[in-house]
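Everything below belongs to query17.txt, which stores compact mmCIF, C-alpha atoms.
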# COMPACT_ATOMS: atom_id res chain seq x y z
CA MET A 1 74.53 47.10 125.28
CA LYS A 2 74.62 45.93 121.75
CA LYS A 3 73.92 42.46 122.98
CA SER A 4 70.82 43.64 124.65
CA PHE A 5 69.72 45.23 121.39
CA GLN A 6 70.63 42.09 119.55
CA ASN A 7 68.59 40.19 122.00
CA LYS A 8 65.67 42.26 120.90
CA ASN A 9 64.45 41.84 117.40
CA ASN A 10 66.56 42.21 114.27
CA LYS A 11 64.87 45.37 113.09
CA ILE A 12 66.06 47.46 115.98
CA THR A 13 69.63 46.31 115.50
CA ARG A 14 69.54 47.16 111.84
CA LYS A 15 67.92 50.46 112.56
CA HIS A 16 70.55 51.30 115.07
CA PHE A 17 73.26 50.14 112.73
CA ILE A 18 72.01 52.54 110.10
CA ILE A 19 71.77 55.31 112.64
CA LEU A 20 75.29 54.51 113.71
CA ILE A 21 76.59 54.73 110.16
CA VAL A 22 74.75 57.95 109.49
CA CYS A 23 76.00 59.41 112.74
CA ILE A 24 79.54 58.37 111.95
CA VAL A 25 79.33 59.95 108.51
CA THR A 26 77.80 63.12 109.94
CA GLY A 27 80.39 63.27 112.66
CA PHE A 28 83.10 62.72 110.11
CA ILE A 29 81.82 65.50 107.90
CA ILE A 30 81.43 67.88 110.79
CA GLY A 31 84.81 67.04 112.26
CA TYR A 32 86.49 67.23 108.90
CA SER A 33 85.01 70.60 108.06
CA TYR A 34 85.89 71.83 111.53
CA ASN A 35 89.42 70.65 111.03
CA LEU A 36 89.58 72.30 107.64
CA THR A 37 88.21 75.57 108.91
CA LYS A 38 90.68 75.50 111.78
CA ASP A 39 93.53 74.95 109.35
CA GLU A 40 92.27 77.75 107.20
CA GLU A 41 92.03 80.00 110.18
CA LYS A 42 95.52 79.00 111.08
CA VAL A 43 96.68 79.85 107.57
CA ASN A 44 94.74 83.06 107.65
CA ASN A 45 96.13 83.77 111.07
CA SER A 46 99.62 83.10 109.86
CA TYR A 47 98.99 85.41 106.93
CA LEU A 48 97.57 87.99 109.26
CA ASN A 49 100.45 87.54 111.64
CA GLN A 50 102.87 87.88 108.78
CA GLU A 51 101.15 91.00 107.60
CA GLU A 52 101.11 92.29 111.13
CA SER A 53 104.77 91.58 111.60
CA TYR A 54 105.56 93.20 108.26
CA ARG A 55 103.55 96.20 109.28
CA GLU A 56 105.35 96.34 112.58
CA ASP A 57 108.63 96.05 110.75
CA LEU A 58 107.58 98.82 108.46
CA ILE A 59 106.56 101.02 111.35
CA GLU A 60 109.79 100.22 113.10
CA GLN A 61 111.74 101.09 109.99
CA GLN A 62 109.81 104.29 109.56
CA GLU A 63 110.49 105.25 113.13
CA ARG A 64 114.12 104.39 112.65
CA ASN A 65 114.10 106.49 109.50
CA LYS A 66 112.58 109.32 111.44
CA GLU A 67 115.21 109.02 114.13
CA LEU A 68 117.96 108.84 111.57
CA THR A 69 116.56 111.83 109.72
CA GLU A 70 116.52 113.76 112.94
CA GLU A 71 120.04 112.65 113.64
CA LEU A 72 121.03 113.64 110.13
CA ASN A 73 119.48 117.05 110.58
CA ASN A 74 121.22 117.47 113.90
CA LEU A 75 124.48 116.42 112.37
CA GLN A 76 123.98 118.77 109.48
CA VAL A 77 123.31 121.58 111.89
CA ARG A 78 126.45 120.63 113.75
CA ILE A 79 128.39 120.47 110.50
CA ARG A 80 127.13 123.91 109.63
CA GLU A 81 128.25 125.14 113.01
CA PHE A 82 131.59 123.52 112.49
CA GLU A 83 131.85 125.04 109.08
CA LYS A 84 130.93 128.42 110.41
CA SER A 85 133.48 128.22 113.17
CA PHE A 86 135.93 126.79 110.70
CA ALA A 87 135.30 129.69 108.37
CA GLU A 88 135.81 132.05 111.27
CA ASN A 89 138.95 130.18 112.15
CA LYS A 90 139.93 130.34 108.54
CA ASP A 91 139.42 134.05 108.48
CA GLU A 92 141.41 134.31 111.64
CA TYR A 93 143.96 131.98 110.20
CA GLU A 94 144.22 133.98 107.04
CA HIS A 95 144.47 137.05 109.11
CA LEU A 96 147.22 135.45 111.13
CA LEU A 97 148.87 134.29 107.95
CA ASP A 98 148.79 137.80 106.56
CA GLU A 99 150.18 139.09 109.77
CA ALA A 100 152.86 136.45 109.80
CA GLU A 101 153.69 137.33 106.22
CA LYS A 102 153.92 140.96 107.12
CA LEU A 103 156.06 140.20 110.11
CA ARG A 104 158.32 137.98 108.06
CA LEU A 105 158.60 140.73 105.55
CA ILE A 106 159.57 143.18 108.25
CA VAL A 107 161.94 140.73 109.87
CA GLY A 108 163.27 139.94 106.45
CA GLU A 109 162.92 136.24 106.43
CA ILE A 110 161.36 136.18 103.00
CA PRO A 111 162.35 137.93 99.83
CA ALA A 112 160.42 141.12 99.33
CA GLN A 113 159.25 142.55 96.12
CA GLY A 114 156.83 145.17 95.07
CA GLU A 115 156.60 148.83 94.38
CA GLY A 116 158.88 151.04 96.30
CA VAL A 117 161.60 153.65 96.07
CA ARG A 118 165.27 153.56 95.40
CA VAL A 119 167.30 156.20 97.10
CA THR A 120 170.84 156.56 95.95
CA LEU A 121 173.26 158.47 98.09
CA LYS A 122 176.47 159.53 96.45
CA ASP A 123 179.35 161.49 97.74
CA GLY A 124 179.31 165.02 96.55
CA GLU A 125 181.63 166.29 93.89
CA TYR A 126 185.08 166.92 95.01
CA ASP A 127 185.16 170.49 96.20
CA PRO A 128 188.58 172.04 96.14
CA ASN A 129 187.35 174.87 98.28
CA SER A 130 186.50 172.61 101.09
CA THR A 131 189.26 171.43 103.28
CA ASN A 132 187.29 168.79 104.97
CA PRO A 133 186.07 166.02 102.75
CA ASN A 134 183.74 164.95 105.53
CA GLU A 135 181.56 167.81 104.48
CA TYR A 136 180.54 166.21 101.24
CA ILE A 137 180.80 162.49 101.74
CA VAL A 138 177.94 160.26 102.80
CA HIS A 139 178.07 159.40 106.44
CA GLU A 140 176.34 156.55 108.14
CA SER A 141 174.15 159.14 109.85
CA HIS A 142 172.70 160.04 106.46
CA VAL A 143 171.98 156.45 105.69
CA LEU A 144 170.45 156.00 109.09
CA SER A 145 168.23 159.02 108.76
CA VAL A 146 167.11 157.89 105.32
CA ILE A 147 166.30 154.47 106.69
CA ASN A 148 164.54 155.97 109.64
CA GLU A 149 162.49 158.17 107.37
CA LEU A 150 161.63 155.23 105.15
CA LYS A 151 160.54 153.22 108.17
CA ILE A 152 158.45 156.10 109.45
CA SER A 153 156.66 156.35 106.15
CA GLY A 154 155.77 152.69 106.15
CA ALA A 155 158.46 150.82 104.31
CA GLU A 156 158.04 147.12 104.66
CA ALA A 157 161.50 146.04 103.71
CA ILE A 158 164.68 147.95 103.29
CA SER A 159 167.96 146.95 101.81
CA ILE A 160 171.21 148.77 101.36
CA ASN A 161 173.30 147.82 98.38
CA GLY A 162 171.36 144.59 98.21
CA GLN A 163 171.94 143.86 101.89
CA ARG A 164 168.64 143.31 103.54
CA LEU A 165 168.15 145.07 106.83
CA LYS A 166 166.99 143.00 109.73
CA SER A 167 165.33 144.14 112.87
CA ASN A 168 168.61 143.86 114.66
CA SER A 169 170.76 145.22 111.86
CA TYR A 170 173.37 147.70 112.70
CA ILE A 171 175.09 150.31 110.65
CA ARG A 172 178.30 151.84 111.67
CA CYS A 173 180.79 154.16 110.11
CA ASN A 174 184.05 152.64 109.26
CA GLY A 175 186.12 155.28 107.61
CA PRO A 176 185.24 155.73 103.97
CA VAL A 177 182.91 152.74 104.07
CA ILE A 178 180.03 151.81 106.28
CA THR A 179 179.56 148.46 107.82
CA ILE A 180 176.17 146.88 107.73
CA ASP A 181 175.82 143.70 109.74
CA GLY A 182 179.53 143.08 109.47
CA LYS A 183 179.75 143.76 105.78
CA GLN A 184 181.44 146.77 104.41
CA TYR A 185 179.91 148.83 101.67
CA PRO A 186 181.42 151.79 99.91
CA ALA A 187 179.56 154.69 98.45
CA PRO A 188 177.34 155.06 96.57
CA PHE A 189 174.70 153.61 98.73
CA VAL A 190 171.60 152.38 97.10
CA ILE A 191 168.82 152.19 99.65
CA GLU A 192 165.84 150.30 98.43
CA ALA A 193 162.56 150.20 100.24
CA VAL A 194 159.43 148.27 99.47
CA GLY A 195 156.25 150.05 100.35
CA ASP A 196 153.80 152.58 99.09
CA SER A 197 156.14 154.46 96.76
CA GLN A 198 154.06 157.59 96.63
CA SER A 199 153.96 158.07 100.37
CA LEU A 200 157.58 157.07 100.65
CA VAL A 201 158.65 159.61 98.09
CA ALA A 202 156.36 162.21 99.54
CA SER A 203 157.80 161.75 102.99
CA MET A 204 161.32 161.84 101.63
CA LYS A 205 160.70 165.02 99.71
CA ILE A 206 158.74 166.82 102.37
CA VAL A 207 159.90 170.44 102.73
CA GLY A 208 162.62 170.58 105.34
CA GLY A 209 162.73 166.83 105.30
CA ILE A 210 165.48 164.36 104.77
CA PHE A 211 165.89 165.20 101.11
CA ASP A 212 166.60 168.84 101.85
CA GLN A 213 168.93 167.91 104.66
CA LEU A 214 170.91 165.61 102.42
CA LEU A 215 171.13 168.25 99.72
CA ASN A 216 172.25 170.64 102.39
CA ASP A 217 175.00 168.24 103.28
CA ARG A 218 176.01 168.34 99.64
CA ILE A 219 175.21 164.73 98.99
CA VAL A 220 173.97 163.69 95.64
CA VAL A 221 170.63 162.14 96.25
CA THR A 222 168.46 160.53 93.66
CA ILE A 223 165.06 159.28 94.54
CA GLU A 224 163.28 157.14 92.04
CA GLU A 225 160.02 155.36 92.26
CA SER A 226 159.98 151.86 91.03
CA ASP A 227 157.11 149.58 90.25
CA LEU A 228 159.10 146.54 91.12
CA ILE A 229 161.80 146.39 93.67
CA GLN A 230 163.21 143.03 94.55
CA MET A 231 165.35 142.24 97.51
CA PRO A 232 166.56 138.97 98.88
CA SER A 233 165.76 137.55 102.24
CA VAL A 234 168.17 138.01 105.09
CA ASN A 235 169.21 134.42 104.80
CA ASP A 236 170.42 134.88 101.24
CA GLU A 237 174.05 135.77 101.17
CA SER A 238 174.44 138.52 98.68
CA MET B 1 69.31 53.77 122.96
CA TRP B 2 70.75 57.31 122.84
CA LEU B 3 74.23 56.15 123.50
CA LEU B 4 74.86 54.41 120.20
CA PRO B 5 74.26 57.38 117.90
CA LEU B 6 76.24 59.56 120.24
CA LEU B 7 79.07 57.07 120.14
CA GLY B 8 78.90 57.02 116.37
CA LEU B 9 78.94 60.81 116.26
CA LEU B 10 81.98 60.96 118.50
CA LEU B 11 83.72 58.32 116.43
CA GLY B 12 82.98 60.24 113.27
CA LEU B 13 84.19 63.45 114.86
CA ALA B 14 87.39 61.78 115.91
CA PHE B 15 87.91 60.45 112.39
CA GLY B 16 87.19 63.81 110.89
CA LEU B 17 89.51 65.62 113.25
CA LEU B 18 92.27 63.12 112.70
CA THR B 19 91.95 63.23 108.93
CA ASP B 20 94.54 65.51 107.49
CA ILE B 21 93.52 65.65 103.85
CA GLN B 22 93.54 69.07 102.27
CA ILE B 23 90.88 69.80 99.71
CA PRO B 24 90.89 72.71 97.30
CA ALA B 25 89.08 75.81 98.43
CA VAL B 26 86.64 75.42 95.52
CA TYR B 27 85.04 72.40 97.23
CA GLU B 28 84.41 74.07 100.54
CA HIS B 29 80.84 74.82 99.58
CA TYR B 30 80.22 71.11 99.07
CA LEU B 31 81.39 70.46 102.58
CA SER B 32 79.17 73.07 104.16
CA ILE B 33 76.21 71.71 102.28
CA ALA B 34 77.10 68.17 103.26
CA VAL B 35 77.16 69.20 106.90
CA LEU B 36 73.75 70.80 106.60
CA ALA B 37 72.33 67.80 104.75
CA ALA B 38 73.66 65.38 107.33
CA LEU B 39 72.26 67.42 110.20
CA ASP B 40 68.95 67.77 108.41
CA THR B 41 68.75 64.07 107.85
CA ILE B 42 69.61 63.25 111.43
CA PHE B 43 67.03 65.63 112.84
CA GLY B 44 64.51 64.40 110.28
CA GLY B 45 65.21 60.88 111.45
CA ILE B 46 64.77 61.85 115.06
CA ARG B 47 61.51 63.56 114.25
CA ALA B 48 60.29 60.60 112.26
CA ASN B 49 61.23 58.36 115.10
CA LEU B 50 59.33 60.48 117.55
CA GLN B 51 56.33 60.61 115.22
CA GLN B 52 56.59 56.88 114.80
CA VAL B 53 56.83 57.15 111.02
CA TYR B 54 60.47 56.18 110.93
CA ASP B 55 61.59 54.08 108.02
CA ASP B 56 65.07 52.77 107.43
CA LYS B 57 64.93 53.15 103.68
CA VAL B 58 63.60 56.67 103.79
CA PHE B 59 66.17 57.64 106.35
CA ILE B 60 69.23 56.22 104.68
CA SER B 61 68.14 57.18 101.18
CA GLY B 62 67.24 60.64 102.39
CA PHE B 63 70.64 61.01 103.98
CA PHE B 64 72.66 60.12 100.94
CA PHE B 65 70.27 61.57 98.41
CA ASN B 66 70.14 64.91 100.19
CA ILE B 67 73.91 65.04 100.38
CA ALA B 68 74.19 64.08 96.71
CA LEU B 69 71.59 66.63 95.67
CA ALA B 70 73.26 69.38 97.67
CA ALA B 71 76.60 68.46 96.15
CA ALA B 72 75.10 68.46 92.68
CA LEU B 73 73.56 71.88 93.28
CA ALA B 74 76.83 73.24 94.56
CA PHE B 75 78.64 71.73 91.58
CA LEU B 76 76.21 73.34 89.20
CA GLY B 77 76.48 76.62 91.06
CA VAL B 78 80.26 76.61 90.90
CA HIS B 79 80.24 75.88 87.19
CA LEU B 80 77.48 78.33 86.33
CA GLY B 81 78.89 81.06 88.49
CA VAL B 82 75.60 81.27 90.38
CA ASP B 83 75.53 80.60 94.08
CA LEU B 84 73.06 77.75 93.78
CA TYR B 85 74.35 76.10 96.91
CA LEU B 86 72.58 78.89 98.74
CA ALA B 87 69.31 77.31 97.68
CA ALA B 88 70.38 74.02 99.25
CA ILE B 89 71.53 75.79 102.38
CA PHE B 90 68.25 77.67 102.54
CA ALA B 91 66.16 74.56 102.05
CA PHE B 92 68.15 72.54 104.52
CA GLY B 93 68.18 75.36 107.01
CA VAL B 94 64.43 75.80 106.87
CA ARG B 95 63.89 72.07 107.18
CA LEU B 96 66.35 71.88 110.01
CA PHE B 97 64.47 74.51 111.94
CA GLN B 98 61.14 72.93 111.14
CA ASN B 99 62.33 69.51 112.24
CA ILE B 100 63.78 70.86 115.44
CA ALA B 101 60.57 72.75 116.12
CA VAL B 102 58.53 69.59 115.59
CA ILE B 103 60.89 67.62 117.83
CA ARG B 104 60.61 70.27 120.48
CA ARG B 105 56.82 70.25 120.31
CA ILE B 106 56.65 66.49 120.49
CA LEU B 107 59.05 66.39 123.40
CA ILE B 108 57.08 69.02 125.25
CA THR B 109 53.85 67.16 124.66
CA LYS B 110 55.45 63.95 125.83
CA TRP B 111 56.88 65.63 128.89
CA GLU B 112 53.52 67.16 129.72
CA GLU B 113 51.81 63.84 129.23
CA ARG B 114 54.32 62.22 131.55
CA HIS B 115 53.87 64.96 134.05
CA ILE B 116 50.10 64.57 133.96
CA LYS B 117 50.50 60.83 134.30
CA LYS B 118 52.82 61.34 137.23
CA ASP B 119 50.34 63.72 138.76
CA GLU B 120 47.61 61.20 138.21
CA ASN B 121 49.77 58.53 139.76
CA THR B 122 50.57 60.59 142.76
CA VAL B 123 47.00 61.67 143.15
Could you quickly redo this structure as structure tokens?
Amino acid sequence: MKKSFQNKNNKITRKHFIILIVCIVTGFIIGYSYNLTKDEEKVNNSYLNQEESYREDLIEQQERNKELTEELNNLQVRIREFEKSFAENKDEYEHLLDEAEKLRLIVGEIPAQGEGVRVTLKDGEYDPNSTNPNEYIVHESHVLSVINELKISGAEAISINGQRLKSNSYIRCNGPVITIDGKQYPAPFVIEAVGDSQSLVASMKIVGGIFDQLLNDRIVVTIEESDLIQMPSVNDES
Amino acid sequence: MWLLPLLGLLLGLAFGLLTDIQIPAVYEHYLSIAVLAALDTIFGGIRANLQQVYDDKVFISGFFFNIALAAALAFLGVHLGVDLYLAAIFAFGVRLFQNIAVIRRILITKWEERHIKKDENTV
């Protein structure tokens, strides 16, 4: 083609050469600016994408936060429930503990101490008029009735001469002494009971009660209230 | 005759697209103005050619001078803080439209003339 132009006159060739150069320059400028704009768009797009991804991340994190907060709330509610039930259990447990303590006290597995009464039974004075000394000495029946009365009036722990009474304790008469759980004790018998001293004493001294009966049997009885009565556990050998 | 400029344009486009030089963002205005100036010159050339007043010197000087002037205006605008390049864009834009309008009119006239001639020939 160019040859054909060249075959024409020189002016046309030059003219077309100039046009060619101008067109090349124009094309270059246009292409270059297009390229540049594309790059910029790419950069902008990458920025936008980054922003978008950050935003998505943020939203994701916020949603996660929300979920976790909900979970936290749920867990807190559950913890509260647990605590509540635990508190109830604790109350129950304390209740059980109290009961166990009480039962141990009654059974005698632990040392008892507290206010209570001390009942001392002594043989009566030698009476020359009486032929039968049985009439004025302390029998095991007296001890038993005292113990029974103490138990009725709410004694928590009872000991005789320092020997703690168990639930399966036995008392039997053995001549001038009485045997308690295989151990012999002579008179006087000191019966100690832990419990509400006032009610204990009141029940002991009720009219026609054990106190009167004992006096009737000519036994020297002393009943004293005590603020602190201590007695060992059944396991302690006295 | 139309093929050569087209070829040149494509060549230039290819060059431009393949060029991977980054220029600072400050000079982007220069580029936009250069594009407008180049287009204006090309369409002016086409118009001149169609009006048979085409001159090599006017064309080539107009091309480079317009680009230089636009660049100078943009430069001044950047340094004065006034968007002077808008003036160049405006001027070039108006001229571009005017040139294209003239080209269109000439082409239509030519086409009509040819049509009439054809009609005359057929008749």
What is the distance between CA of Phe28 (chain A) and CA of Phe15 (chain B), in Å to one decimal?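 Pair CA of Phe28 (chain A) / CA of Phe15 (chain B) returns 5.8 Å.
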Using only C-alpha atoms: which of B:Leu96, B:Ile23, B:Leu18, B:Val53 has the shortest distance to Glu40 (chain A):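 Of the candidates, the smallest distance to Glu40 (chain A) is held by B:Ile23.
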One-decimal distance in Å that lies between CA of Gly44 (chain B) and CA of Arg114 (chain B):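 One can read the CA of Arg114 (chain B) to CA of Gly44 (chain B) distance as 23.7 Å.
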Report, in Å to a single decimal, how far apart CA of Gly45 (chain B) and CA of Arg14 (chain A) are.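 We find that CA of Arg14 (chain A) and CA of Gly45 (chain B) lie 14.4 Å from each other.
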Within 12 Å of Ile147 (chain A), counting only C-alpha atoms, which residues show up once you throw out same-chain ones fewer than 5 positions away? Write them as a PDB file with C-alpha atoms, keeping the file's coordinate frame, please.
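Full text of part.pdb as output:
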ATOM      1  CA  VAL A 117     161.600 153.650  96.070  1.00  0.00           C
ATOM      2  CA  ARG A 118     165.270 153.560  95.400  1.00  0.00           C
ATOM      3  CA  VAL A 119     167.300 156.200  97.100  1.00  0.00           C
ATOM      4  CA  THR A 120     170.840 156.560  95.950  1.00  0.00           C
ATOM      5  CA  LEU A 121     173.260 158.470  98.090  1.00  0.00           C
ATOM      6  CA  GLU A 140     176.340 156.550 108.140  1.00  0.00           C
ATOM      7  CA  SER A 141     174.150 159.140 109.850  1.00  0.00           C
ATOM      8  CA  HIS A 142     172.700 160.040 106.460  1.00  0.00           C
ATOM      9  CA  ILE A 152     158.450 156.100 109.450  1.00  0.00           C
ATOM     10  CA  SER A 153     156.660 156.350 106.150  1.00  0.00           C
ATOM     11  CA  GLY A 154     155.770 152.690 106.150  1.00  0.00           C
ATOM     12  CA  ALA A 155     158.460 150.820 104.310  1.00  0.00           C
ATOM     13  CA  GLU A 156     158.040 147.120 104.660  1.00  0.00           C
ATOM     14  CA  ALA A 157     161.500 146.040 103.710  1.00  0.00           C
ATOM     15  CA  ILE A 158     164.680 147.950 103.290  1.00  0.00           C
ATOM     16  CA  SER A 159     167.960 146.950 101.810  1.00  0.00           C
ATOM     17  CA  ILE A 160     171.210 148.770 101.360  1.00  0.00           C
ATOM     18  CA  ARG A 164     168.640 143.310 103.540  1.00  0.00           C
ATOM     19  CA  LEU A 165     168.150 145.070 106.830  1.00  0.00           C
ATOM     20  CA  LYS A 166     166.990 143.000 109.730  1.00  0.00           C
ATOM     21  CA  SER A 169     170.760 145.220 111.860  1.00  0.00           C
ATOM     22  CA  TYR A 170     173.370 147.700 112.700  1.00  0.00           C
ATOM     23  CA  ILE A 171     175.090 150.310 110.650  1.00  0.00           C
ATOM     24  CA  PHE A 189     174.700 153.610  98.730  1.00  0.00           C
ATOM     25  CA  VAL A 190     171.600 152.380  97.100  1.00  0.00           C
ATOM     26  CA  ILE A 191     168.820 152.190  99.650  1.00  0.00           C
ATOM     27  CA  GLU A 192     165.840 150.300  98.430  1.00  0.00           C
ATOM     28  CA  ALA A 193     162.560 150.200 100.240  1.00  0.00           C
ATOM     29  CA  VAL A 194     159.430 148.270  99.470  1.00  0.00           C
ATOM     30  CA  LEU A 200     157.580 157.070 100.650  1.00  0.00           C
ATOM     31  CA  SER A 203     157.800 161.750 102.990  1.00  0.00           C
ATOM     32  CA  MET A 204     161.320 161.840 101.630  1.00  0.00           C
ATOM     33  CA  ILE A 210     165.480 164.360 104.770  1.00  0.00           C
TER      34      ILE A 210
END
Closest-contact table, chain A side, partner chain B, 9 Å, counting only C-alpha atoms, as CSV:
residue,atom,partner,partner_atom,distance
A:Met1,CA,B:Met1,CA,8.8
A:Lys2,CA,B:Leu4,CA,8.6
A:Phe5,CA,B:Met1,CA,8.7
A:Arg14,CA,B:Asp56,CA,8.4
A:Lys15,CA,B:Asp56,CA,6.3
A:His16,CA,B:Leu4,CA,7.4
A:Phe17,CA,B:Leu4,CA,8.8
A:Ile18,CA,B:Ile60,CA,7.1
A:Ile19,CA,B:Pro5,CA,6.2
A:Leu20,CA,B:Gly8,CA,5.1
A:Ile21,CA,B:Gly8,CA,7.0
A:Val22,CA,B:Ile60,CA,7.5
A:Cys23,CA,B:Leu9,CA,4.8
A:Ile24,CA,B:Gly12,CA,4.1
A:Val25,CA,B:Gly12,CA,6.0
A:Thr26,CA,B:Ala38,CA,5.4
A:Gly27,CA,B:Gly12,CA,4.0
A:Phe28,CA,B:Gly12,CA,4.0
A:Ile29,CA,B:Val35,CA,6.0
A:Ile30,CA,B:Val35,CA,5.9
A:Gly31,CA,B:Gly16,CA,4.2
A:Tyr32,CA,B:Gly16,CA,4.0
A:Ser33,CA,B:Leu31,CA,6.6
A:Tyr34,CA,B:Leu17,CA,7.4
A:Asn35,CA,B:Leu17,CA,5.5
A:Leu36,CA,B:Gln22,CA,7.4
Mind writing the picked residues with C-alpha atoms as a CSV table (one decimal), in the coordinates of the input?
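For reference, selection_15.csv as written:
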chain,number,residue,atom,x,y,z
A,1,MET,CA,74.5,47.1,125.3
A,2,LYS,CA,74.6,45.9,121.8
A,5,PHE,CA,69.7,45.2,121.4
A,14,ARG,CA,69.5,47.2,111.8
A,15,LYS,CA,67.9,50.5,112.6
A,16,HIS,CA,70.6,51.3,115.1
A,17,PHE,CA,73.3,50.1,112.7
A,18,ILE,CA,72.0,52.5,110.1
A,19,ILE,CA,71.8,55.3,112.6
A,20,LEU,CA,75.3,54.5,113.7
A,21,ILE,CA,76.6,54.7,110.2
A,22,VAL,CA,74.8,58.0,109.5
A,23,CYS,CA,76.0,59.4,112.7
A,24,ILE,CA,79.5,58.4,112.0
A,25,VAL,CA,79.3,60.0,108.5
A,26,THR,CA,77.8,63.1,109.9
A,27,GLY,CA,80.4,63.3,112.7
A,28,PHE,CA,83.1,62.7,110.1
A,29,ILE,CA,81.8,65.5,107.9
A,30,ILE,CA,81.4,67.9,110.8
A,31,GLY,CA,84.8,67.0,112.3
A,32,TYR,CA,86.5,67.2,108.9
A,33,SER,CA,85.0,70.6,108.1
A,34,TYR,CA,85.9,71.8,111.5
A,35,ASN,CA,89.4,70.6,111.0
A,36,LEU,CA,89.6,72.3,107.6
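Residues with at least one atom no more than 12 Å from (183.7, 144.8, 103.5), using all atoms listed in the file, are Asn161, Gln163, Cys173, Asn174, Gly175, Pro176, Val177, Ile178, Thr179, Ile180, Asp181, Gly182, Lys183, Gln184, Tyr185, Pro186 and Ala187 of chain A.
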Proximity to Asp212 (chain A) - best of A:Gly195, A:Val146, A:Gln62, A:Ile110, only C-alpha atoms: A:Val146
Option closest in space to Val143 (chain A), from A:Gln50, A:Glu94, A:Arg172, A:Arg104 [counting all atoms listed in the file]: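 Distance minimum relative to Val143 (chain A) lands on A:Arg172.
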Residue nearest Arg105 (chain B) among B:Leu50, B:Pro24, B:Phe43, B:Leu86 (counting only C-alpha atoms):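 Closest to Arg105 (chain B) of all the choices is B:Leu50.
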